[in-house]
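Chemist: Just one file: target16.cif, with mmCIF, C-alpha atoms, pLDDT in the B column; chains and numbers go by the auth columns.
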```
data_structure
#
loop_
_atom_site.group_PDB
_atom_site.id
_atom_site.type_symbol
_atom_site.label_atom_id
_atom_site.label_comp_id
_atom_site.label_asym_id
_atom_site.label_seq_id
_atom_site.Cartn_x
_atom_site.Cartn_y
_atom_site.Cartn_z
_atom_site.B_iso_or_equiv
_atom_site.auth_seq_id
_atom_site.auth_asym_id
ATOM 1 C CA MET A 1 280.074 11.573 104.072 50.00 3 Q
ATOM 2 C CA LYS A 2 277.098 13.419 105.628 54.00 4 Q
ATOM 3 C CA ASN A 3 279.467 15.089 108.058 54.00 5 Q
ATOM 4 C CA ASN A 4 281.582 16.472 105.169 52.00 6 Q
ATOM 5 C CA LEU A 5 278.475 17.777 103.393 51.00 7 Q
ATOM 6 C CA PHE A 6 277.577 19.710 106.518 50.00 8 Q
ATOM 7 C CA ARG A 7 281.100 21.141 106.912 54.00 9 Q
ATOM 8 C CA LEU A 8 281.304 22.490 103.355 48.00 10 Q
ATOM 9 C CA PRO A 9 278.396 24.999 103.691 51.00 11 Q
ATOM 10 C CA CYS A 10 279.682 26.047 107.122 47.00 12 Q
ATOM 11 C CA PHE A 11 283.138 26.664 105.665 48.00 13 Q
ATOM 12 C CA ILE A 12 281.694 28.697 102.780 48.00 14 Q
ATOM 13 C CA LEU A 13 279.608 30.807 105.195 44.00 15 Q
ATOM 14 C CA PHE A 14 282.654 31.370 107.374 47.00 16 Q
ATOM 15 C CA ILE A 15 284.721 32.575 104.401 46.00 17 Q
ATOM 16 C CA CYS A 16 281.937 34.861 103.180 44.00 18 Q
ATOM 17 C CA PHE A 17 281.267 36.534 106.520 45.00 19 Q
ATOM 18 C CA CYS A 18 284.714 36.567 108.103 45.00 20 Q
ATOM 19 C CA GLY A 19 287.080 36.546 105.152 43.00 21 Q
ATOM 20 C CA PHE A 20 285.511 39.137 102.849 41.00 22 Q
ATOM 21 C CA ASN A 21 283.475 41.326 105.151 40.00 23 Q
ATOM 22 C CA SER A 22 286.268 42.845 107.240 41.00 24 Q
ATOM 23 C CA VAL A 23 287.898 46.068 106.076 45.00 25 Q
ATOM 24 C CA ASN A 24 291.610 46.244 106.768 49.00 26 Q
ATOM 25 C CA ALA A 25 292.749 49.795 107.535 47.00 27 Q
ATOM 26 C CA GLU A 26 296.251 48.958 106.298 55.00 28 Q
ATOM 27 C CA ASN A 27 294.974 48.717 102.735 71.00 29 Q
ATOM 28 C CA ILE A 28 293.180 52.064 102.692 84.00 30 Q
ATOM 29 C CA SER A 29 295.059 54.971 101.122 89.00 31 Q
ATOM 30 C CA TYR A 30 294.140 58.537 101.997 90.00 32 Q
ATOM 31 C CA VAL A 31 296.817 60.068 99.734 93.00 33 Q
ATOM 32 C CA GLY A 32 295.297 62.790 97.556 91.00 34 Q
ATOM 33 C CA SER A 33 292.334 63.329 99.902 89.00 35 Q
ATOM 34 C CA SER A 34 291.617 66.546 101.753 88.00 36 Q
ATOM 35 C CA THR A 35 291.824 66.368 105.521 84.00 37 Q
ATOM 36 C CA CYS A 36 288.434 68.107 105.616 81.00 38 Q
ATOM 37 C CA ASP A 37 286.887 65.263 103.604 79.00 39 Q
ATOM 38 C CA LEU A 38 287.716 62.768 106.342 71.00 40 Q
ATOM 39 C CA ASN A 39 284.842 61.813 108.575 62.00 41 Q
ATOM 40 C CA TYR A 40 284.543 63.994 111.694 54.00 42 Q
ATOM 41 C CA SER A 41 284.813 60.873 113.828 50.00 43 Q
ATOM 42 C CA PHE A 42 288.457 60.710 112.689 49.00 44 Q
ATOM 43 C CA LYS A 43 289.225 63.974 114.525 52.00 45 Q
ATOM 44 C CA ALA A 44 289.354 62.203 117.869 47.00 46 Q
ATOM 45 C CA LYS A 45 292.966 61.550 118.859 53.00 47 Q
ATOM 46 C CA MET A 46 294.212 64.160 116.377 67.00 48 Q
ATOM 47 C CA PHE A 47 297.251 66.408 116.553 73.00 49 Q
ATOM 48 C CA ARG A 48 298.848 68.653 113.901 78.00 50 Q
ATOM 49 C CA LEU A 49 302.490 69.733 113.867 80.00 51 Q
ATOM 50 C CA PRO A 50 303.349 72.545 111.422 76.00 52 Q
ATOM 51 C CA ILE A 51 306.744 72.213 109.737 75.00 53 Q
ATOM 52 C CA GLU A 52 306.719 75.783 108.468 63.00 54 Q
ATOM 53 C CA ASN A 53 310.360 76.496 109.330 65.00 55 Q
ATOM 54 C CA ILE A 54 311.395 73.729 106.901 66.00 56 Q
ATOM 55 C CA LYS A 55 308.519 73.382 104.425 72.00 57 Q
ATOM 56 C CA PRO A 56 306.007 76.264 104.437 72.00 58 Q
ATOM 57 C CA GLU A 57 302.356 75.227 104.183 80.00 59 Q
ATOM 58 C CA HIS A 58 303.206 71.644 105.210 86.00 60 Q
ATOM 59 C CA ALA A 59 302.270 69.827 108.396 87.00 61 Q
ATOM 60 C CA ILE A 60 302.351 66.411 109.995 90.00 62 Q
ATOM 61 C CA GLU A 61 298.979 65.276 111.239 88.00 63 Q
ATOM 62 C CA TYR A 62 298.585 62.480 113.753 89.00 64 Q
ATOM 63 C CA ARG A 63 295.197 60.749 113.591 85.00 65 Q
ATOM 64 C CA LYS A 64 293.529 57.605 114.764 82.00 66 Q
ATOM 65 C CA ILE A 65 291.608 56.093 111.835 78.00 67 Q
ATOM 66 C CA HIS A 66 289.764 52.759 112.119 76.00 68 Q
ATOM 67 C CA LYS A 67 291.629 51.870 115.328 80.00 69 Q
ATOM 68 C CA GLN A 68 294.986 52.437 113.573 85.00 70 Q
ATOM 69 C CA LYS A 69 297.288 55.367 114.318 88.00 71 Q
ATOM 70 C CA TYR A 70 298.686 57.287 111.350 90.00 72 Q
ATOM 71 C CA LEU A 71 301.077 60.106 110.616 92.00 73 Q
ATOM 72 C CA LEU A 72 299.804 62.035 107.600 91.00 74 Q
ATOM 73 C CA ILE A 73 301.969 64.506 105.759 91.00 75 Q
ATOM 74 C CA ILE A 74 299.755 67.243 104.371 90.00 76 Q
ATOM 75 C CA ASN A 75 300.327 70.320 102.243 90.00 77 Q
ATOM 76 C CA GLY A 76 298.269 73.357 101.359 83.00 78 Q
ATOM 77 C CA VAL A 77 297.813 74.290 105.014 79.00 79 Q
ATOM 78 C CA LYS A 78 297.366 78.058 105.054 74.00 80 Q
ATOM 79 C CA GLU A 79 295.994 78.493 108.582 74.00 81 Q
ATOM 80 C CA ILE A 80 295.948 76.625 111.863 69.00 82 Q
ATOM 81 C CA GLY A 81 293.248 73.981 111.704 72.00 83 Q
ATOM 82 C CA GLY A 82 292.747 74.538 107.974 79.00 84 Q
ATOM 83 C CA CYS A 83 292.316 71.832 105.367 84.00 85 Q
ATOM 84 C CA GLY A 84 295.242 70.268 103.581 87.00 86 Q
ATOM 85 C CA THR A 85 295.858 67.598 100.957 92.00 87 Q
ATOM 86 C CA ILE A 86 297.345 64.331 102.200 92.00 88 Q
ATOM 87 C CA ILE A 87 300.558 63.683 100.282 93.00 89 Q
ATOM 88 C CA SER A 88 301.852 60.755 102.337 93.00 90 Q
ATOM 89 C CA GLN A 89 300.637 58.441 105.087 93.00 91 Q
ATOM 90 C CA PHE A 90 302.524 56.285 107.571 94.00 92 Q
ATOM 91 C CA GLN A 91 300.846 53.702 109.778 94.00 93 Q
ATOM 92 C CA LEU A 92 302.426 53.565 113.209 94.00 94 Q
ATOM 93 C CA PRO A 93 303.089 50.159 114.752 95.00 95 Q
ATOM 94 C CA LYS A 94 301.008 48.992 117.676 92.00 96 Q
ATOM 95 C CA MET A 95 301.997 50.746 120.876 92.00 97 Q
ATOM 96 C CA ARG A 96 302.558 49.117 124.215 93.00 98 Q
ATOM 97 C CA THR A 97 300.585 50.037 127.329 93.00 99 Q
ATOM 98 C CA GLY A 98 301.548 53.514 128.542 91.00 100 Q
ATOM 99 C CA GLU A 99 303.284 54.546 125.313 92.00 101 Q
ATOM 100 C CA SER A 100 302.419 57.627 123.291 90.00 102 Q
ATOM 101 C CA VAL A 101 303.635 59.366 120.165 91.00 103 Q
ATOM 102 C CA GLU A 102 306.202 62.059 120.974 92.00 104 Q
ATOM 103 C CA PHE A 103 306.771 64.969 118.583 89.00 105 Q
ATOM 104 C CA LYS A 104 309.575 66.891 120.307 89.00 106 Q
ATOM 105 C CA CYS A 105 312.401 64.452 119.675 91.00 107 Q
ATOM 106 C CA THR A 106 315.985 65.262 118.753 91.00 108 Q
ATOM 107 C CA ILE A 107 319.325 63.555 118.309 89.00 109 Q
ATOM 108 C CA LYS A 108 320.977 63.649 121.758 83.00 110 Q
ATOM 109 C CA GLU A 109 324.060 65.493 120.521 76.00 111 Q
ATOM 110 C CA ARG A 110 322.016 68.178 118.676 65.00 112 Q
ATOM 111 C CA HIS A 111 319.340 69.478 121.058 58.00 113 Q
ATOM 112 C CA GLN A 112 318.845 72.718 119.112 56.00 114 Q
ATOM 113 C CA ASP A 113 318.502 71.120 115.640 56.00 115 Q
ATOM 114 C CA THR A 114 315.229 72.539 114.256 57.00 116 Q
ATOM 115 C CA ASN A 115 315.758 71.373 110.669 66.00 117 Q
ATOM 116 C CA ASN A 116 315.120 67.721 111.421 78.00 118 Q
ATOM 117 C CA VAL A 117 311.676 66.347 112.279 88.00 119 Q
ATOM 118 C CA ILE A 118 311.942 63.262 114.501 92.00 120 Q
ATOM 119 C CA ILE A 119 308.973 61.453 115.993 94.00 121 Q
ATOM 120 C CA GLY A 120 309.227 58.685 118.570 95.00 122 Q
ATOM 121 C CA ILE A 121 307.115 56.223 120.516 96.00 123 Q
ATOM 122 C CA ALA A 122 307.909 56.289 124.225 95.00 124 Q
ATOM 123 C CA ASP A 123 306.516 55.734 127.709 93.00 125 Q
ATOM 124 C CA ASN A 124 306.782 58.804 129.945 87.00 126 Q
ATOM 125 C CA LYS A 125 305.438 56.935 132.988 87.00 127 Q
ATOM 126 C CA ALA A 126 302.067 58.733 132.968 82.00 128 Q
ATOM 127 C CA GLY A 127 303.673 62.182 132.799 80.00 129 Q
ATOM 128 C CA LYS A 128 306.209 61.578 135.577 87.00 130 Q
ATOM 129 C CA VAL A 129 309.236 61.652 133.242 89.00 131 Q
ATOM 130 C CA ARG A 130 309.936 64.651 131.015 90.00 132 Q
ATOM 131 C CA PHE A 131 312.849 63.392 128.889 93.00 133 Q
ATOM 132 C CA VAL A 132 312.602 59.850 127.588 94.00 134 Q
ATOM 133 C CA ASN A 133 314.392 57.589 125.174 95.00 135 Q
ATOM 134 C CA PRO A 134 311.875 56.303 122.636 96.00 136 Q
ATOM 135 C CA ARG A 135 311.490 52.611 121.897 97.00 137 Q
ATOM 136 C CA LEU A 136 311.048 53.435 118.175 97.00 138 Q
ATOM 137 C CA ALA A 137 311.827 56.575 116.179 96.00 139 Q
ATOM 138 C CA TRP A 138 311.412 57.959 112.659 96.00 140 Q
ATOM 139 C CA SER A 139 312.869 60.936 110.825 93.00 141 Q
ATOM 140 C CA LEU A 140 311.031 62.840 108.109 91.00 142 Q
ATOM 141 C CA ASP A 141 312.740 62.541 104.708 89.00 143 Q
ATOM 142 C CA LEU A 142 311.935 65.947 103.219 83.00 144 Q
ATOM 143 C CA GLU A 143 312.804 64.990 99.631 85.00 145 Q
ATOM 144 C CA LYS A 144 310.633 61.860 99.520 88.00 146 Q
ATOM 145 C CA MET A 145 308.116 63.251 102.051 87.00 147 Q
ATOM 146 C CA ASN A 146 307.911 60.049 104.053 90.00 148 Q
ATOM 147 C CA PHE A 147 309.163 58.706 107.379 93.00 149 Q
ATOM 148 C CA VAL A 148 312.341 56.658 107.653 94.00 150 Q
ATOM 149 C CA LYS A 149 312.989 54.452 110.677 95.00 151 Q
ATOM 150 C CA ILE A 150 316.082 55.490 112.602 94.00 152 Q
ATOM 151 C CA ASN A 151 318.016 54.035 115.524 93.00 153 Q
ATOM 152 C CA ALA A 152 316.190 55.198 118.655 94.00 154 Q
ATOM 153 C CA PHE A 153 319.286 54.725 120.846 92.00 155 Q
ATOM 154 C CA HIS A 154 320.623 58.213 119.999 90.00 156 Q
ATOM 155 C CA ILE A 155 317.234 59.978 120.298 94.00 157 Q
ATOM 156 C CA ILE A 156 315.741 61.848 123.249 94.00 158 Q
ATOM 157 C CA CYS A 157 312.156 63.142 123.433 93.00 159 Q
ATOM 158 C CA ASP A 158 310.736 65.978 125.519 91.00 160 Q
ATOM 159 C CA THR A 159 307.252 64.820 126.529 88.00 161 Q
ATOM 160 C CA THR A 160 305.865 68.133 127.774 84.00 162 Q
ATOM 161 C CA GLY A 161 303.001 69.878 126.074 71.00 163 Q
ATOM 162 C CA TYR A 162 301.246 67.028 124.299 54.00 164 Q
ATOM 163 C CA ALA A 163 298.469 64.884 125.623 55.00 165 Q
ATOM 164 C CA GLU A 164 297.090 61.977 123.640 53.00 166 Q
#
```
Please, can you express the file's structure as C-alpha coordinates?

Modeler:
Amino acid sequence: MKNNLFRLPCFILFICFCGFNSVNAENISYVGSSTCDLNYSFKAKMFRLPIENIKPEHAIEYRKIHKQKYLLIINGVKEIGGCGTIISQFQLPKMRTGESVEFKCTIKERHQDTNNVIIGIADNKAGKVRFVNPRLAWSLDLEKMNFVKINAFHIICDTTGYAE
(Lines of atoms letter the chains of each structure in order from A and count residues from 1; the text may use other names and numbers.)
(Lines give C-alpha, C1' and ligand atoms only; values in the text may rest on other atoms or scores of the structure.)
Protein backbone atom coordinates (compact mmCIF):
# COMPACT_ATOMS: atom_id res chain seq x y z
CA MET A 1 0.00 0.00 0.00
CA LYS A 2 2.83 2.43 0.88
CA ASN A 3 4.55 1.54 -2.36
CA ASN A 4 1.43 2.51 -4.38
CA LEU A 5 1.14 5.82 -2.52
CA PHE A 6 4.69 6.63 -3.54
CA ARG A 7 4.10 5.67 -7.19
CA LEU A 8 1.03 7.89 -7.61
CA PRO A 9 2.84 11.23 -7.00
CA CYS A 10 5.74 10.08 -9.19
CA PHE A 11 3.31 9.22 -11.98
CA ILE A 12 1.57 12.60 -11.67
CA LEU A 13 4.92 14.44 -11.78
CA PHE A 14 5.96 12.43 -14.81
CA ILE A 15 2.74 13.32 -16.67
CA CYS A 16 3.04 17.00 -15.76
CA PHE A 17 6.66 17.41 -16.82
CA CYS A 18 6.91 15.00 -19.74
CA GLY A 19 3.37 14.79 -21.06
CA PHE A 20 2.31 18.45 -21.10
CA ASN A 21 5.56 20.36 -21.27
CA SER A 22 6.79 19.25 -24.69
CA VAL A 23 5.78 21.24 -27.76
CA ASN A 24 5.15 19.12 -30.83
CA ALA A 25 6.14 20.93 -34.03
CA GLU A 26 3.62 18.86 -35.99
CA ASN A 27 0.75 20.67 -34.29
CA ILE A 28 1.99 24.19 -34.99
CA SER A 29 0.46 25.96 -37.98
CA TYR A 30 2.27 28.84 -39.63
CA VAL A 31 -0.44 29.39 -42.27
CA GLY A 32 -1.38 33.07 -42.45
CA SER A 33 1.91 34.22 -40.89
CA SER A 34 4.48 36.37 -42.64
CA THR A 35 7.83 34.74 -43.29
CA CYS A 36 9.44 37.85 -41.79
CA ASP A 37 7.59 37.26 -38.51
CA LEU A 38 9.32 33.92 -38.04
CA ASN A 39 12.19 33.92 -35.60
CA TYR A 40 15.58 34.60 -37.23
CA SER A 41 16.83 31.30 -35.85
CA PHE A 42 14.48 29.63 -38.35
CA LYS A 43 16.53 31.03 -41.27
CA ALA A 44 19.20 28.39 -40.81
CA LYS A 45 18.72 25.59 -43.33
CA MET A 46 16.51 27.81 -45.51
CA PHE A 47 16.05 27.81 -49.26
CA ARG A 48 13.49 29.63 -51.45
CA LEU A 49 12.40 28.50 -54.91
CA PRO A 50 10.40 31.07 -56.92
CA ILE A 51 7.60 29.60 -59.04
CA GLU A 52 7.14 32.79 -61.04
CA ASN A 53 6.79 31.06 -64.41
CA ILE A 54 3.67 29.29 -63.10
CA LYS A 55 2.34 31.48 -60.28
CA PRO A 56 3.79 35.02 -60.14
CA GLU A 57 4.63 36.29 -56.66
CA HIS A 58 4.58 32.73 -55.25
CA ALA A 59 7.48 30.69 -53.92
CA ILE A 60 8.25 27.47 -52.11
CA GLU A 61 10.35 27.97 -49.02
CA TYR A 62 12.25 25.14 -47.39
CA ARG A 63 12.96 25.71 -43.69
CA LYS A 64 14.01 23.79 -40.65
CA ILE A 65 11.70 24.75 -37.76
CA HIS A 66 11.96 23.10 -34.32
CA LYS A 67 14.08 20.25 -35.72
CA GLN A 68 11.40 19.52 -38.36
CA LYS A 69 11.85 20.23 -42.07
CA TYR A 70 9.01 22.02 -43.85
CA LEU A 71 8.05 23.14 -47.32
CA LEU A 72 6.10 26.40 -47.06
CA ILE A 73 4.13 27.78 -49.95
CA ILE A 74 4.17 31.56 -49.73
CA ASN A 75 2.61 34.37 -51.74
CA GLY A 76 3.11 38.10 -51.91
CA VAL A 77 6.80 37.72 -52.73
CA LYS A 78 7.73 40.80 -54.73
CA GLU A 79 11.52 40.58 -54.52
CA ILE A 80 14.18 37.99 -53.85
CA GLY A 81 14.47 37.49 -50.12
CA GLY A 82 11.34 39.55 -49.47
CA CYS A 83 8.57 38.68 -47.04
CA GLY A 84 5.61 36.57 -48.02
CA THR A 85 2.47 35.17 -46.41
CA ILE A 86 2.46 31.44 -45.72
CA ILE A 87 -0.55 29.92 -47.48
CA SER A 88 0.31 26.25 -46.98
CA GLN A 89 2.81 24.14 -45.05
CA PHE A 90 4.01 20.58 -45.56
CA GLN A 91 6.12 18.71 -43.03
CA LEU A 92 8.68 16.50 -44.71
CA PRO A 93 9.21 12.99 -43.35
CA LYS A 94 12.39 12.16 -41.50
CA MET A 95 15.31 11.79 -43.86
CA ARG A 96 17.86 9.03 -43.82
CA THR A 97 21.58 9.65 -43.38
CA GLY A 98 23.03 11.32 -46.48
CA GLU A 99 19.67 12.35 -47.93
CA SER A 100 18.71 15.90 -48.85
CA VAL A 101 15.76 17.71 -50.36
CA GLU A 102 16.12 18.07 -54.13
CA PHE A 103 14.30 20.85 -55.99
CA LYS A 104 15.27 20.17 -59.62
CA CYS A 105 13.23 17.03 -60.16
CA THR A 106 11.28 16.05 -63.27
CA ILE A 107 9.38 13.12 -64.69
CA LYS A 108 11.98 11.04 -66.58
CA GLU A 109 10.12 11.24 -69.89
CA ARG A 110 9.67 15.05 -69.69
CA HIS A 111 13.04 16.60 -68.83
CA GLN A 112 12.06 20.04 -70.15
CA ASP A 113 8.68 20.28 -68.33
CA THR A 114 8.84 23.63 -66.48
CA ASN A 115 5.14 23.77 -65.58
CA ASN A 116 5.34 21.07 -62.95
CA VAL A 117 7.07 21.57 -59.59
CA ILE A 118 8.41 18.27 -58.24
CA ILE A 119 10.47 17.95 -55.08
CA GLY A 120 12.21 14.77 -53.97
CA ILE A 121 14.25 13.32 -51.13
CA ALA A 122 17.39 11.59 -52.38
CA ASP A 123 20.96 10.64 -51.53
CA ASN A 124 23.51 12.01 -54.00
CA LYS A 125 26.41 10.20 -52.30
CA ALA A 126 27.92 13.38 -50.83
CA GLY A 127 27.87 15.20 -54.18
CA LYS A 128 29.41 12.36 -56.20
CA VAL A 129 26.23 11.64 -58.19
CA ARG A 130 24.52 14.36 -60.23
CA PHE A 131 21.31 12.61 -61.34
CA VAL A 132 19.52 10.53 -58.74
CA ASN A 133 16.24 8.74 -58.31
CA PRO A 134 14.55 10.04 -55.17
CA ARG A 135 13.29 7.72 -52.47
CA LEU A 136 10.19 9.94 -52.04
CA ALA A 137 8.70 12.64 -54.26
CA TRP A 138 5.88 15.20 -54.24
CA SER A 139 4.27 17.35 -56.91
CA LEU A 140 2.79 20.78 -56.24
CA ASP A 141 -0.98 20.88 -56.82
CA LEU A 142 -1.40 24.44 -58.08
CA GLU A 143 -5.18 24.56 -57.57
CA LYS A 144 -5.13 23.39 -53.94
CA MET A 145 -1.66 24.88 -53.29
CA ASN A 146 -0.37 21.82 -51.46
CA PHE A 147 1.98 18.91 -52.12
CA VAL A 148 0.72 15.55 -53.33
CA LYS A 149 2.84 12.42 -52.95
CA ILE A 150 3.72 10.83 -56.27
CA ASN A 151 5.44 7.62 -57.33
CA ALA A 152 9.17 8.34 -57.15
CA PHE A 153 10.01 5.51 -59.59
CA HIS A 154 9.44 7.75 -62.64
CA ILE A 155 11.24 10.80 -61.19
CA ILE A 156 14.83 11.95 -61.68
CA CYS A 157 16.50 14.79 -59.77
CA ASP A 158 19.46 16.95 -60.78
CA THR A 159 21.38 17.57 -57.55
CA THR A 160 23.65 20.38 -58.75
CA GLY A 161 23.43 23.87 -57.36
CA TYR A 162 21.87 23.30 -53.96
CA ALA A 163 23.64 22.68 -50.71
CA GLU A 164 21.74 21.94 -47.53

Chemist: Quick one: distance from atom CA of Q:Ser90 to atom CA of Q:Ile75 in Å, one decimal?

Modeler: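 Answer for the atom CA of Q:Ser90 to atom CA of Q:Ile75 separation: 5.1 Å.
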
Chemist: List the residues matched by the PyMOL selection byres ((chain Q and resi 148) around 10) in the displayed structure as a ChimeraX atom specification, ordered by chain and then by residue number.

Modeler: /Q:73-75,89-92,140-147,149-150

Chemist: Quote the spacing between atom CA of Q:Glu111 and atom CA of Q:Thr99 in Å to one decimal place.

Modeler: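 For atom CA of Q:Glu111 relative to atom CA of Q:Thr99, the distance reads 28.9 Å.
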
Chemist: Quick one, how far is atom CA of Q:Arg98 from atom CA of Q:Asp125?

Modeler: 8.5 Å

Chemist: For the point (313.2, 64.8, 122.1) in the file's frame, write as a ChimeraX atom specification all residues with an atom no more than 10 Å away, counting only C-alpha atoms.

Modeler: /Q:104-110,113,120-122,132-136,157-162

Chemist: Please define a box with edges along x, y and z of the file around all atoms of stretch 78-86 of chain Q given in the file, extend it by 8 Å on each side, and return its centre and edge lengths in Å to one decimal, as lines of an AutoDock Vina configuration file.

Modeler:
```
center_x = 295.3
center_y = 74.4
center_z = 106.6
size_x = 22.0
size_y = 24.2
size_z = 26.5
```

Chemist: Got a sec to resolve the PyMOL selection byres ((chain Q and resi 97) around 12) on this structure and send the residues as an NGL selection string?

Modeler: :Q and (69-71 or 93-96 or 98-103 or 122-125 or 136-138)

Chemist: What do you get, as JSON, numbers by chain, if you spell out every residue that the PyMOL selection byres ((chain Q and resi 85-88) around 7) selects here?

Modeler: {"Q": [32, 33, 34, 35, 36, 37, 38, 74, 75, 76, 77, 78, 79, 83, 84, 89, 90]}

Chemist: Measuring between only C-alpha atoms, which one of Q:His68, Q:Lys130, Q:Lys57, Q:Pro52 shows the shortest distance to Q:Asn29?

Modeler: Q:His68

Chemist: Have a look at Q:Ile30, Q:Ile53, Q:Ala139, Q:Val119 and name the one nearest to Q:Phe155; count all atoms listed in the file.

Modeler: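 Closest to Q:Phe155 of all the choices is Q:Ala139.
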
Chemist: I'd like to know which of Q:Ala61, Q:Gly163, Q:Asp39, Q:Asn126 is closest to Q:Lys80, using all atoms listed in the file.

Modeler: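 Ranking Q:Ala61, Q:Gly163, Q:Asp39, Q:Asn126 by distance to Q:Lys80, first place goes to Q:Ala61.
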